[in-house]
Every structure is written in structure tokens, then in C-alpha cells.
$ cat target_2.cif   # mmCIF, C-alpha atoms
data_protein
loop_
_atom_site.label_atom_id
_atom_site.label_comp_id
_atom_site.auth_asym_id
_atom_site.auth_seq_id
_atom_site.Cartn_x
_atom_site.Cartn_y
_atom_site.Cartn_z
CA MET A 1 2.47 -45.19 -10.45
CA HIS A 2 5.73 -45.39 -12.39
CA ASN A 3 4.21 -43.54 -15.35
CA SER A 4 3.07 -40.80 -12.93
CA ILE A 5 -0.48 -40.82 -14.34
CA PHE A 6 -2.89 -41.13 -11.45
CA THR A 7 -6.02 -43.24 -11.73
CA VAL A 8 -8.10 -40.69 -9.81
CA ARG A 9 -7.51 -37.10 -10.83
CA LEU A 10 -9.15 -34.44 -8.67
CA ARG A 11 -9.55 -30.69 -9.02
CA PRO A 12 -8.69 -28.25 -6.20
CA PHE A 13 -11.55 -26.61 -4.36
CA ASP A 14 -11.93 -22.85 -4.14
CA GLY A 15 -9.12 -21.38 -2.02
CA GLU A 16 -7.60 -24.75 -1.20
CA SER A 17 -3.97 -25.05 -0.12
CA LEU A 18 -1.57 -27.31 -2.03
CA SER A 19 -0.88 -29.48 1.02
CA SER A 20 -4.63 -30.04 1.45
CA PHE A 21 -5.04 -30.85 -2.25
CA LEU A 22 -2.19 -33.36 -2.23
CA ARG A 23 -3.63 -35.12 0.81
CA ARG A 24 -6.92 -35.53 -1.01
CA ILE A 25 -5.27 -36.84 -4.18
CA SER A 26 -3.14 -39.35 -2.30
CA LYS A 27 -6.17 -40.62 -0.39
CA ALA A 28 -8.27 -40.87 -3.57
CA ASN A 29 -5.53 -42.96 -5.18
CA GLY A 30 -5.17 -45.21 -2.13
CA MET A 31 -1.66 -44.03 -1.26
CA ASN A 32 0.07 -42.94 1.90
CA PHE A 33 0.58 -39.18 1.79
CA LEU A 34 4.36 -39.27 2.32
CA SER A 35 4.83 -42.06 -0.21
CA PHE A 36 2.79 -40.10 -2.73
CA TRP A 37 4.81 -36.93 -2.05
CA ASN A 38 8.18 -38.66 -2.24
CA ASN A 39 7.26 -40.11 -5.61
CA LEU A 40 6.87 -36.53 -6.83
CA LYS A 41 9.92 -34.96 -5.22
CA THR A 42 12.58 -33.18 -7.25
CA GLU A 43 15.93 -34.86 -7.84
CA ARG A 44 17.71 -32.58 -5.37
CA ASN A 45 15.17 -33.17 -2.59
CA HIS A 46 15.91 -35.16 0.49
CA TYR A 47 13.24 -37.59 1.63
CA ALA A 48 10.02 -35.64 2.28
CA GLN A 49 8.80 -35.70 5.87
CA ASN A 50 5.71 -34.46 7.65
CA ASP A 51 7.72 -31.59 9.21
CA ASP A 52 8.25 -30.22 5.68
CA VAL A 53 4.56 -29.86 4.91
CA THR A 54 4.70 -26.07 5.43
CA LEU A 55 7.08 -25.79 2.47
CA LEU A 56 4.39 -27.18 0.16
CA ASP A 57 2.24 -24.10 0.77
CA PHE A 58 5.16 -21.68 0.90
CA CYS A 59 7.72 -22.49 -1.77
CA PRO A 60 6.71 -25.81 -3.41
CA LEU A 61 9.31 -25.87 -6.21
CA ASN A 62 11.98 -26.90 -3.72
CA VAL A 63 10.11 -29.88 -2.31
CA ILE A 64 7.99 -31.21 -5.15
CA ASN A 65 8.27 -31.61 -8.92
CA ILE A 66 5.36 -29.46 -10.09
CA GLU A 67 5.80 -30.46 -13.74
CA LYS A 68 5.60 -34.13 -12.83
CA LEU A 69 2.52 -33.52 -10.67
CA SER A 70 0.80 -31.46 -13.37
CA LYS A 71 1.28 -34.25 -15.92
CA GLY A 72 0.09 -36.89 -13.46
CA ILE A 73 -3.22 -35.11 -12.80
CA ARG A 74 -3.34 -33.24 -16.14
CA MET A 75 -3.50 -29.83 -14.57
CA ASP A 76 -1.63 -26.62 -15.46
CA PRO A 77 1.48 -25.98 -13.29
CA GLY A 78 0.44 -22.37 -12.83
CA GLU A 79 -2.88 -23.43 -11.35
CA LEU A 80 -1.06 -25.70 -8.90
CA LEU A 81 1.31 -22.90 -7.86
CA SER A 82 -1.68 -20.62 -7.23
CA LEU A 83 -2.55 -22.90 -4.28
CA THR A 84 0.57 -21.56 -2.51
CA LEU A 85 2.35 -18.29 -1.77
CA TYR A 86 4.49 -18.75 -4.87
CA ASN A 87 2.89 -16.00 -6.99
CA LEU A 88 3.05 -13.55 -4.11
CA LEU A 89 6.76 -14.22 -3.58
CA GLN A 90 7.47 -14.00 -7.29
CA SER A 91 5.83 -10.58 -7.42
CA PHE A 92 7.49 -9.00 -4.40
CA VAL A 93 10.76 -10.76 -3.62
CA VAL A 94 14.16 -9.58 -4.83
CA GLY A 95 16.47 -12.21 -6.34
CA THR A 96 15.93 -15.82 -7.32
CA GLU A 97 16.09 -17.66 -4.00
CA ILE A 98 12.55 -16.90 -2.93
CA GLU A 99 12.55 -19.74 -0.41
CA ARG A 100 14.90 -17.62 1.71
CA ALA A 101 12.76 -14.52 1.46
CA ARG A 102 11.92 -12.77 4.71
CA PHE A 103 9.07 -10.95 3.02
CA THR A 104 6.49 -13.33 4.56
CA SER A 105 8.54 -14.70 7.46
CA GLY A 106 6.35 -15.71 10.37
CA MET A 107 3.15 -15.31 8.36
CA LEU A 108 2.34 -19.01 7.85
CA ARG A 109 0.82 -20.87 10.79
CA ASP A 110 2.12 -24.26 11.88
CA THR A 111 -1.12 -25.12 13.65
CA LEU A 112 -4.49 -25.63 12.04
CA HIS A 113 -7.05 -22.83 12.28
CA PHE A 114 -10.39 -23.82 10.81
CA CYS A 115 -14.05 -23.01 10.38
CA PRO A 116 -16.25 -25.98 11.46
CA ASP A 117 -19.01 -24.95 9.05
CA CYS A 118 -16.58 -24.90 6.12
CA LEU A 119 -15.33 -28.39 7.01
CA LYS A 120 -18.94 -29.55 7.22
CA ASP A 121 -19.64 -28.15 3.74
CA LYS A 122 -16.49 -29.64 2.17
CA PRO A 123 -13.64 -31.22 4.14
CA TYR A 124 -10.53 -29.42 2.90
CA HIS A 125 -8.14 -26.79 4.24
CA ARG A 126 -8.16 -23.25 2.89
CA LEU A 127 -4.84 -21.55 2.17
CA LEU A 128 -6.04 -18.38 3.89
CA TRP A 129 -6.47 -20.30 7.15
CA ARG A 130 -2.70 -20.55 7.23
CA ILE A 131 -2.18 -16.77 7.14
CA LYS A 132 -1.60 -15.03 10.48
CA GLY A 133 -4.04 -12.16 10.78
CA ILE A 134 -6.86 -14.09 9.09
CA ASP A 135 -8.82 -14.97 12.23
CA THR A 136 -12.34 -15.35 10.88
CA CYS A 137 -14.42 -17.06 8.23
CA MET A 138 -16.21 -14.34 6.33
CA SER A 139 -18.54 -16.87 4.63
CA HIS A 140 -20.00 -18.05 7.94
CA ARG A 141 -19.24 -14.92 9.95
CA ARG A 142 -17.42 -16.69 12.73
CA LEU A 143 -14.01 -16.88 14.38
CA LEU A 144 -11.69 -19.64 13.26
CA HIS A 145 -11.13 -22.40 15.82
CA ASP A 146 -7.50 -22.98 16.79
CA LYS A 147 -7.92 -26.29 18.65
CA CYS A 148 -10.03 -29.41 18.65
CA PRO A 149 -13.52 -28.72 20.09
CA HIS A 150 -13.43 -32.12 21.85
CA CYS A 151 -9.96 -32.60 23.36
CA ALA A 152 -8.95 -28.91 23.23
CA LYS A 153 -5.57 -29.79 21.74
CA ARG A 154 -3.93 -27.73 19.02
CA ILE A 155 -3.40 -29.54 15.75
CA LYS A 156 -0.06 -29.27 13.96
CA TYR A 157 -0.28 -29.41 10.17
CA ARG A 158 2.36 -32.12 10.24
CA ASP A 159 -0.01 -34.33 12.27
CA VAL A 160 -3.03 -34.00 9.99
CA TYR A 161 -4.12 -37.22 8.32
CA VAL A 162 -7.83 -36.52 7.71
CA HIS A 163 -8.96 -32.97 6.96
CA ASP A 164 -11.99 -32.92 9.24
CA LYS A 165 -10.80 -35.11 12.12
CA CYS A 166 -8.57 -34.43 15.09
CA PRO A 167 -5.37 -36.54 14.97
CA HIS A 168 -5.36 -36.71 18.78
CA CYS A 169 -8.89 -37.91 19.59
CA ASP A 170 -10.11 -38.91 16.11
CA LEU A 171 -13.34 -36.94 16.55
CA GLU A 172 -14.89 -34.66 13.93
CA LEU A 173 -13.79 -31.02 13.84
CA CYS A 174 -17.03 -29.85 12.24
CA ILE A 175 -18.98 -30.47 15.44
CA VAL A 176 -19.03 -27.26 17.48
CA LEU A 177 -19.13 -27.70 21.25
CA ASP A 178 -17.70 -24.37 22.39
CA SER A 179 -17.62 -21.48 19.95
CA PRO A 180 -14.98 -18.74 20.46
CA ARG A 181 -16.23 -15.31 21.50
CA GLU A 182 -16.88 -13.08 18.51
CA SER A 183 -18.04 -9.86 20.18
CA ASP A 184 -14.63 -8.20 20.00
CA VAL A 185 -13.95 -8.97 16.33
CA ASP A 186 -13.28 -6.01 14.06
CA TRP A 187 -15.25 -7.38 11.13
CA ASP A 188 -14.41 -4.45 8.86
CA GLN A 189 -10.72 -5.12 9.33
CA GLN A 190 -11.13 -8.87 8.87
CA SER A 191 -13.10 -8.31 5.68
CA TRP A 192 -10.36 -6.01 4.40
CA TRP A 193 -7.67 -8.59 5.23
CA TRP A 194 -9.59 -11.34 3.43
CA GLN A 195 -10.04 -9.20 0.32
CA SER A 196 -6.41 -8.05 0.39
CA TRP A 197 -4.95 -11.54 0.72
CA ASN A 198 -7.25 -12.90 -1.96
CA GLN A 199 -5.97 -10.22 -4.33
CA LEU A 200 -2.34 -10.88 -3.38
CA LEU A 201 -2.60 -14.64 -3.87
CA ASN A 202 -4.59 -14.49 -7.11
CA HIS A 203 -2.76 -11.61 -8.82
CA SER A 204 0.24 -12.98 -10.71
CA ASN A 205 0.72 -10.46 -13.51
CA TYR A 206 2.85 -7.90 -11.74
CA LYS A 207 6.34 -7.44 -10.40
CA ILE A 208 6.87 -4.72 -7.84
CA SER A 209 10.28 -3.70 -6.55
CA PRO A 210 11.11 -2.81 -2.93
CA ARG A 211 11.78 0.73 -4.15
CA ASP A 212 8.27 1.06 -5.61
CA ILE A 213 6.64 -0.36 -2.47
CA ALA A 214 8.49 2.13 -0.25
CA LEU A 215 7.72 5.07 -2.54
CA ARG A 216 4.01 4.27 -2.55
CA ILE A 217 3.94 3.89 1.24
CA LEU A 218 5.73 7.22 1.60
CA TYR A 219 3.17 8.79 -0.73
CA LEU A 220 0.29 7.53 1.45
CA ILE A 221 2.00 8.59 4.67
CA ASN A 222 2.63 11.96 3.04
CA ASN A 223 -1.16 12.34 2.57
CA LYS A 224 -0.66 12.17 -1.21
CA GLN A 225 1.05 15.55 -1.21
CA VAL A 226 2.95 16.00 -4.42
CA ILE A 227 6.08 17.16 -2.58
CA PHE A 228 7.53 14.91 0.10
CA ASP A 229 7.53 16.55 3.52
CA LYS A 230 9.72 14.54 5.88
CA ILE A 231 8.63 16.44 9.02
CA GLN A 232 4.92 15.98 8.26
CA ALA A 233 5.38 12.32 7.33
CA THR A 234 7.40 11.57 10.46
CA SER A 235 4.70 13.05 12.71
CA ASP A 236 2.06 10.94 10.97
CA MET A 237 3.90 7.61 11.25
CA GLN A 238 2.71 6.87 14.82
CA GLY A 239 4.36 3.52 15.34
CA PHE A 240 4.73 2.54 11.68
CA GLY A 241 8.51 2.50 11.70
CA GLN A 242 11.12 5.08 10.85
CA ILE A 243 11.07 7.38 7.83
CA PRO A 244 14.86 6.99 7.31
CA THR A 245 14.38 3.24 6.78
CA LEU A 246 11.62 3.79 4.24
CA LEU A 247 13.79 6.36 2.49
CA GLN A 248 16.59 3.81 2.25
CA TYR A 249 14.24 1.39 0.51
CA ALA A 250 12.88 4.14 -1.75
CA ARG A 251 16.36 5.39 -2.67
CA ASP A 252 17.65 1.83 -3.11
CA SER A 253 20.52 2.57 -0.75
CA LEU A 254 20.39 -0.58 1.40
CA LYS A 255 23.60 -2.60 1.46
CA GLN A 256 21.64 -5.85 1.31
CA LYS A 257 18.76 -6.04 -1.15
CA ARG A 258 15.49 -6.92 0.55
CA THR A 259 11.86 -5.87 0.57
CA LEU A 260 9.49 -4.63 3.28
CA HIS A 261 7.63 -7.32 5.20
CA ILE A 262 4.13 -7.95 3.86
CA SER A 263 2.54 -7.43 7.30
CA TYR A 264 4.03 -3.92 7.52
CA THR A 265 2.71 -3.00 4.08
CA LEU A 266 -0.77 -4.30 4.91
CA ASP A 267 -0.80 -2.51 8.29
CA VAL A 268 -0.06 0.81 6.59
CA LEU A 269 -2.71 0.22 3.91
CA TRP A 270 -5.30 -0.65 6.55
CA LYS A 271 -4.45 2.51 8.50
CA TYR A 272 -5.15 4.57 5.38
CA LYS A 273 -8.09 2.34 4.30
CA TYR A 274 -6.39 1.84 0.95
CA ASP A 275 -7.21 -1.07 -1.36
CA ILE A 276 -4.28 -3.40 -2.12
CA GLY A 277 -5.24 -3.50 -5.81
CA ASP A 278 -5.18 0.28 -6.04
CA PHE A 279 -1.84 0.25 -4.22
CA LEU A 280 -0.29 -2.19 -6.70
CA ASN A 281 -1.57 -0.12 -9.65
CA MET A 282 -0.77 3.27 -8.12
CA GLU A 283 0.94 5.82 -10.35
CA LEU A 284 2.99 8.40 -8.46
CA PRO A 285 3.42 12.02 -9.59
CA GLN A 286 6.94 12.49 -10.89
CA PRO A 287 7.43 15.62 -8.73
CA PHE A 288 6.84 13.47 -5.64
CA ILE A 289 9.42 10.88 -6.72
CA ASP A 290 11.89 13.66 -7.47
CA SER A 291 11.26 15.28 -4.08
CA VAL A 292 12.07 12.02 -2.24
CA PHE A 293 15.51 12.12 -3.81
CA THR A 294 15.98 15.84 -3.17
CA SER A 295 16.95 17.37 0.16
CA PRO A 296 14.65 20.08 1.62
CA GLN A 297 17.39 22.64 1.07
CA SER A 298 17.64 21.71 -2.60
CA LYS A 299 13.86 21.96 -3.02
CA LYS A 300 13.93 25.53 -1.72
CA GLU A 301 16.90 26.47 -3.84
CA MET A 302 15.19 25.22 -6.99
CA GLN A 303 12.30 27.72 -6.63
CA SER A 304 12.29 31.42 -7.50
CA CYS A 305 10.00 34.42 -7.07
CA GLN A 306 7.48 34.82 -9.91
CA ALA A 307 6.69 38.51 -9.39
CA PRO A 308 7.87 40.44 -12.52
CA TRP A 309 8.52 43.66 -10.53
CA CYS A 310 10.62 41.91 -7.85
CA VAL A 311 14.44 42.06 -7.86
CA ASN A 312 14.36 38.33 -7.03
CA PHE A 313 12.28 37.50 -10.11
CA GLY A 314 13.60 34.22 -11.58
CA VAL A 315 16.49 34.08 -9.11
CA GLU A 316 16.62 30.58 -7.57
CA GLY A 317 17.30 30.16 -3.87
CA GLU A 318 15.89 33.48 -2.68
CA LEU A 319 12.58 32.10 -1.35
CA VAL A 320 12.40 31.13 2.32
CA GLN A 321 10.33 28.34 3.84
CA THR A 322 7.55 29.40 6.23
CA GLY A 323 6.29 27.52 9.28
CA THR A 324 3.38 25.93 7.36
CA SER A 325 4.11 22.69 5.51
CA TYR A 326 0.70 21.34 4.50
CA LYS A 327 -2.89 22.53 4.13
CA ARG A 328 -6.04 21.22 2.50
CA LYS A 329 -8.21 24.08 1.23
CA LYS A 330 -12.00 24.09 1.49
CA ASN A 331 -12.31 23.10 -2.17
CA GLY A 332 -10.19 20.00 -1.51
CA GLN A 333 -7.03 21.40 -3.11
CA ILE A 334 -3.83 20.38 -1.34
CA LEU A 335 -0.95 22.83 -0.99
CA SER A 336 2.39 21.94 0.54
CA TYR A 337 5.89 23.29 1.11
CA TYR A 338 5.01 26.94 1.82
CA LEU A 339 7.54 29.59 0.69
CA ALA A 340 7.77 33.37 0.71
CA CYS A 341 9.84 36.11 -0.93
CA LEU A 342 11.19 38.51 1.70
CA GLU A 343 11.83 41.17 -0.95
CA CYS A 344 8.32 41.62 -2.35
CA GLY A 345 6.23 39.74 0.22
CA CYS A 346 4.62 37.33 -2.24
CA GLU A 347 3.79 33.95 -0.74
CA TYR A 348 3.81 30.57 -2.51
CA ALA A 349 3.12 26.85 -2.07
CA ILE A 350 3.50 23.70 -4.17
CA ASN A 351 0.21 22.48 -5.70
CA ALA A 352 -0.87 18.92 -6.55
CA ARG A 353 0.90 19.12 -9.93
CA GLY A 354 4.21 20.01 -8.30
CA GLU A 355 4.03 23.59 -9.54
CA LEU A 356 4.81 26.75 -7.61
CA GLU A 357 1.52 28.53 -6.96
CA GLU A 358 1.02 32.04 -5.58
CA ARG A 359 -0.93 32.16 -2.33
CA THR A 360 -1.23 35.94 -2.41
CA TYR A 361 -3.00 37.57 -5.39
CA PHE A 362 -0.55 40.34 -6.33
CA ILE A 363 0.96 38.59 -9.37
CA ASN A 364 -2.45 37.82 -10.85
CA ALA A 365 -3.65 41.35 -10.11
CA TYR A 366 -0.49 42.80 -11.67
CA GLY A 367 -1.29 41.05 -14.94
CA LEU A 368 -4.89 42.25 -14.90
CA LEU A 369 -3.93 45.83 -14.13
CA LYS A 370 -1.18 45.92 -16.77
CA LYS A 371 -3.62 44.57 -19.34
CA ASN A 372 -6.47 46.96 -18.56
CA PHE A 373 -4.72 50.13 -17.40
CA CYS A 374 -4.78 53.12 -19.73
CA GLU A 375 -3.60 56.66 -19.13
CA GLY A 376 -6.21 58.49 -17.09
CA GLU A 377 -7.91 55.24 -15.95
CA ASN A 378 -10.03 55.70 -12.82
CA PHE A 379 -10.73 53.30 -9.98
CA THR A 380 -14.31 52.47 -11.01
CA SER A 381 -13.24 51.63 -14.55
CA LEU A 382 -10.45 49.33 -13.33
CA LEU A 383 -12.88 47.67 -10.95
CA GLU A 384 -15.14 46.74 -13.85
CA LYS A 385 -12.32 45.65 -16.18
CA THR A 386 -10.31 43.52 -13.76
CA GLY A 387 -13.18 41.84 -11.92
CA LEU A 388 -11.30 42.26 -8.63
CA SER A 389 -13.26 43.07 -5.48
CA ILE A 390 -13.11 46.60 -4.11
CA ASP A 391 -10.94 45.55 -1.18
CA LYS A 392 -8.52 43.54 -3.33
CA LEU A 393 -8.17 46.32 -5.88
CA LYS A 394 -7.50 48.89 -3.14
CA ARG A 395 -4.88 46.65 -1.53
CA CYS A 396 -3.18 45.99 -4.86
CA ILE A 397 -3.07 49.65 -5.87
CA THR A 398 -1.61 50.49 -2.45
CA TYR A 399 0.89 47.61 -2.64
CA PHE A 400 2.19 48.63 -6.06
CA TYR A 401 2.22 52.36 -5.22
CA THR A 402 4.58 51.71 -2.27
CA ARG A 403 6.90 49.96 -4.75
CA GLY A 404 6.89 52.80 -7.26
CA ILE A 405 4.32 51.28 -9.62
CA LYS A 406 1.31 53.53 -10.19
CA PHE A 407 -2.08 52.39 -11.42
CA CYS A 408 -5.18 54.61 -11.31
CA GLU A 409 -2.82 57.59 -11.02
CA TYR A 410 -5.29 60.32 -10.00
CA GLU A 411 -6.74 58.38 -7.08
CA THR A 412 -3.79 56.38 -5.84
CA LYS A 413 -2.73 58.78 -3.09
CA THR A 414 -6.26 59.00 -1.72
CA ILE A 415 -6.64 55.20 -1.77
CA CYS A 416 -3.31 54.74 -0.01
CA GLU A 417 -4.26 57.20 2.69
CA CYS A 418 -7.59 55.39 3.24
CA GLN A 419 -5.85 52.03 3.42
CA SER A 420 -3.30 53.30 5.96
CA LYS A 421 -6.08 54.74 8.17
CA SER A 422 -8.09 51.51 8.06
#
$ encode --input "target_2.cif" --output "C-alpha cells"
Amino acid sequence: MHNSIFTVRLRPFDGESLSSFLRRISKANGMNFLSFWNNLKTERNHYAQNDDVTLLDFCPLNVINIEKLSKGIRMDPGELLSLTLYNLLQSFVVGTEIERARFTSGMLRDTLHFCPDCLKDKPYHRLLWRIKGIDTCMSHRRLLHDKCPHCAKRIKYRDVYVHDKCPHCDLELCIVLDSPRESDVDWDQQSWWWQSWNQLLNHSNYKISPRDIALRILYLINNKQVIFDKIQATSDMQGFGQIPTLLQYARDSLKQKRTLHISYTLDVLWKYKYDIGDFLNMELPQPFIDSVFTSPQSKKEMQSCQAPWCVNFGVEGELVQTGTSYKRKKNGQILSYYLACLECGCEYAINARGELEERTYFINAYGLLKKNFCEGENFTSLLEKTGLSIDKLKRCITYFYTRGIKFCEYETKTICECQSKS
């Protein structure tokens, strides 16, 4: 044992936790678990005890020498760390002291939850069984047991000595006497949680900041509108916390650097039925990011009327916000942040590209009429050239006539009179 090369070298099973793997290795090499662990502790460690077993699956670098273990069983350190929450913490946590991270606080169970059928197949403990919120085995479509089926006692991880036996009555856990009720299980949600946690634990090639997490959550809550609407987002939160807090994360204005708790992030993603992988790879529109850092008043003041005939043309700050803040059109197009010019009556909204888009049709019609109008042009000719409907062309000619702009000169007065009567 002094050369740290173990006679029996095992491989971890699919989804196994590090604590489970180490128990199997120690047993295979005929060693007491704690003696085996203490032989592999880091120089700064105190004597390892059963109460510390949770740390093996949470932040192992503080309680075990991974390099020494990897050499002893000839296995890559990265593969060993993947049996824990290490990669998850590395990806999400701010700073270097990840063992103090509150990102996953309260998420690891102290008591064993298990699937009897899994233990019957292969007696080892899955890392996902330790995660609060994972309440089922998707392989066998059953609820996890949270106590011994024989003596009905809960089993602390610190008390485990054999994977498939109860430490209290020494009877096998794979024998089912009384199965938990499964009629009330939301299997869709459980399946989503399993897939999400599998992606989180096995994805080690990213680093996401608290700011990016908050921005992406705000984008989802904002219904993927390209301009952030605080009023709309607040009304849609429904128990998912306060928008001001999310904005503090997004704007990086917290006094103490920290990240959002993983359970909160997953709850929001489940509400919006959004895949965790897509969330981690999400690219946000720059106009949305800019709008999060811009006050509503500033957003309004940055826009200007686009009507060439209007005295407010190109003058920022003259548009006013209307009562509407968000609409999805029949064709699926999303418009947000509705504005209007009180001088000319043109109405606008921000489209999915963050651009100011006219909701009325006067500016477009103005361009068509200017392009196709010739001296002596009649209504029928303009109708054919512009492609506008009869009603739209009549309204436009009337609109421009009342503002001193004449198209279809010989018929304008008649058209205006007809429009006023109708």
C-alpha cells in the first residue's frame, strides 16, 4: 500500500458516485473504507471520518488526493472528478473556494435514496440519487425508496458499509416489500430533471458567469422579446423571485460576488420547458443586453420618428410610449415596446432585431407614392403602380392631403370628402 498501487483496480459504473466507487475499491483490496481513504488524504486534511463522506461527492479535492488515487488505480483524474459535483461547481461558481459555494447548498442528500431494481442489477450508488429533486428511477420507472423496506429506517450515507444492505438490520435493500405510491409522479418533470442533471454533471467544457445566467433567465422570462420589458417580466414571474434581484446579477452590481442557486435556475427552465443544454449555449441579441442596462426612459429617448414629412423626423425623445408593451402577431412575429409620434400619428414598435418598425403603413405608402406619382396621375393608375388596396390608398391620400401633401391631385378632394362621410 505504501507505493499507492492497488492490487485490484476497478472501473466506475455508469453514473456512480465517488463515495460509492471508493467503497468498492477498498472492499476489493481487502481494506477498511476509512483506512483506505485516510491513506489517500491530502497533506492538509484532518483524519477522514464517516461524517465527511458527503464531501467526497461534493468537493473531493479538499478531502482526498485525486492525483494519488488516479495513479493508484491508473485512472485519469478528470474521470474521477466526473463522479462528483466538481465539474458543475467549476462551471458555475465564482472564485476559487468552490467548497464554500452556495450554488448547490442543500441539494445533496444525507440519507440514501435508492432503486431496488438498480441495486439488484449492480450494487452501487448512483450520484443522481444524492440530488434533491431526483425522486425516481427512469430506467425502471419507479419511485426511489428513502428507507429500508424491512426495518423502515432511513439510512445515512455515513452509516453505509455494504451498498445493497441496510446497516441497521443487515437485510438486502433490493428486496421490495412495500413499494411507494407512484400515481402522483409527474414523469415528464422527472424525466426533464434527469436529463438536465446528466447534462450538468457531464458537461465540463464551459464556464458561465452569474451575469450570463441572470441575463438568460431574464430573456426567457421576457418571452424572448428583444427589448427588456420590466413590467411584462414582473407580471410573468409568478413566484420566481424578484426582477430587481435578477437585474443586480445581470448588471453585476452585487456587493458580494455570488451566483444564482441551481434549483432556482432549473425551476425557471422547467417552467419554460427549456433544455439546459440550449440554455448554456444560448446567444442573446445584443439589443436585449443593451436594454437591460438602459432605463425605460432612456430607451424612449433613443428613438425618433421615421416619417420624412414630420417635424419630429430624426428628433430623438419625441416618441411617447403607448399602453401596449408586447404582442405576438399571427405570423409569429414578436413586437414590443410600442411607441407613437403625437405630431404625425405614426405608430411604432421594436421588432425581434431590435429595430424600430412602423405599425401604421403611412411611411411605406409615402415612399411608394413619391416613387410612382407623376403630374396628372389618377387614382386608378396609382392603385396599379403602388399595389396598395383601395382602402389603404384612399386613407393615405386623405392623410397626406390633410398635411398639405397632395397625391392624385384631381381626385384628392373627392376622396377626402368620401372618407369623411364614411
$ resolve_selection --input "target_2.cif" --expression "the PyMOL selection byres ((chain A and resi 150) around 9)" --output "PyMOL selection string"
chain A and resi 147-149+151-153+166+169+171-173+175-178
$ resolve_selection --input "target_2.cif" --expression "the PyMOL selection byres ((chain A and resi 221-225) around 10)" --output "PyMOL selection string"
chain A and resi 215-220+226-237+240+243+268-269+271-272+284-285+287-288+326-328+334-337+350-354
$ resolve_selection --input "target_2.cif" --expression "the PyMOL selection byres ((chain A and resi 41) around 6)" --output "ChimeraX atom specification"
/A:38-40,42,63-65
$ closest_residue --input "target_2.cif" --among "A:Asp76, A:Pro116, A:Ser209, A:Asn281" --to "A:Lys257" --atoms "all atoms listed in the file"
A:Ser209
$ atom_distance --input "target_2.cif" --atom1 "atom CA of A:Asn62" --atom2 "atom CA of A:Arg211"
27.6 Å
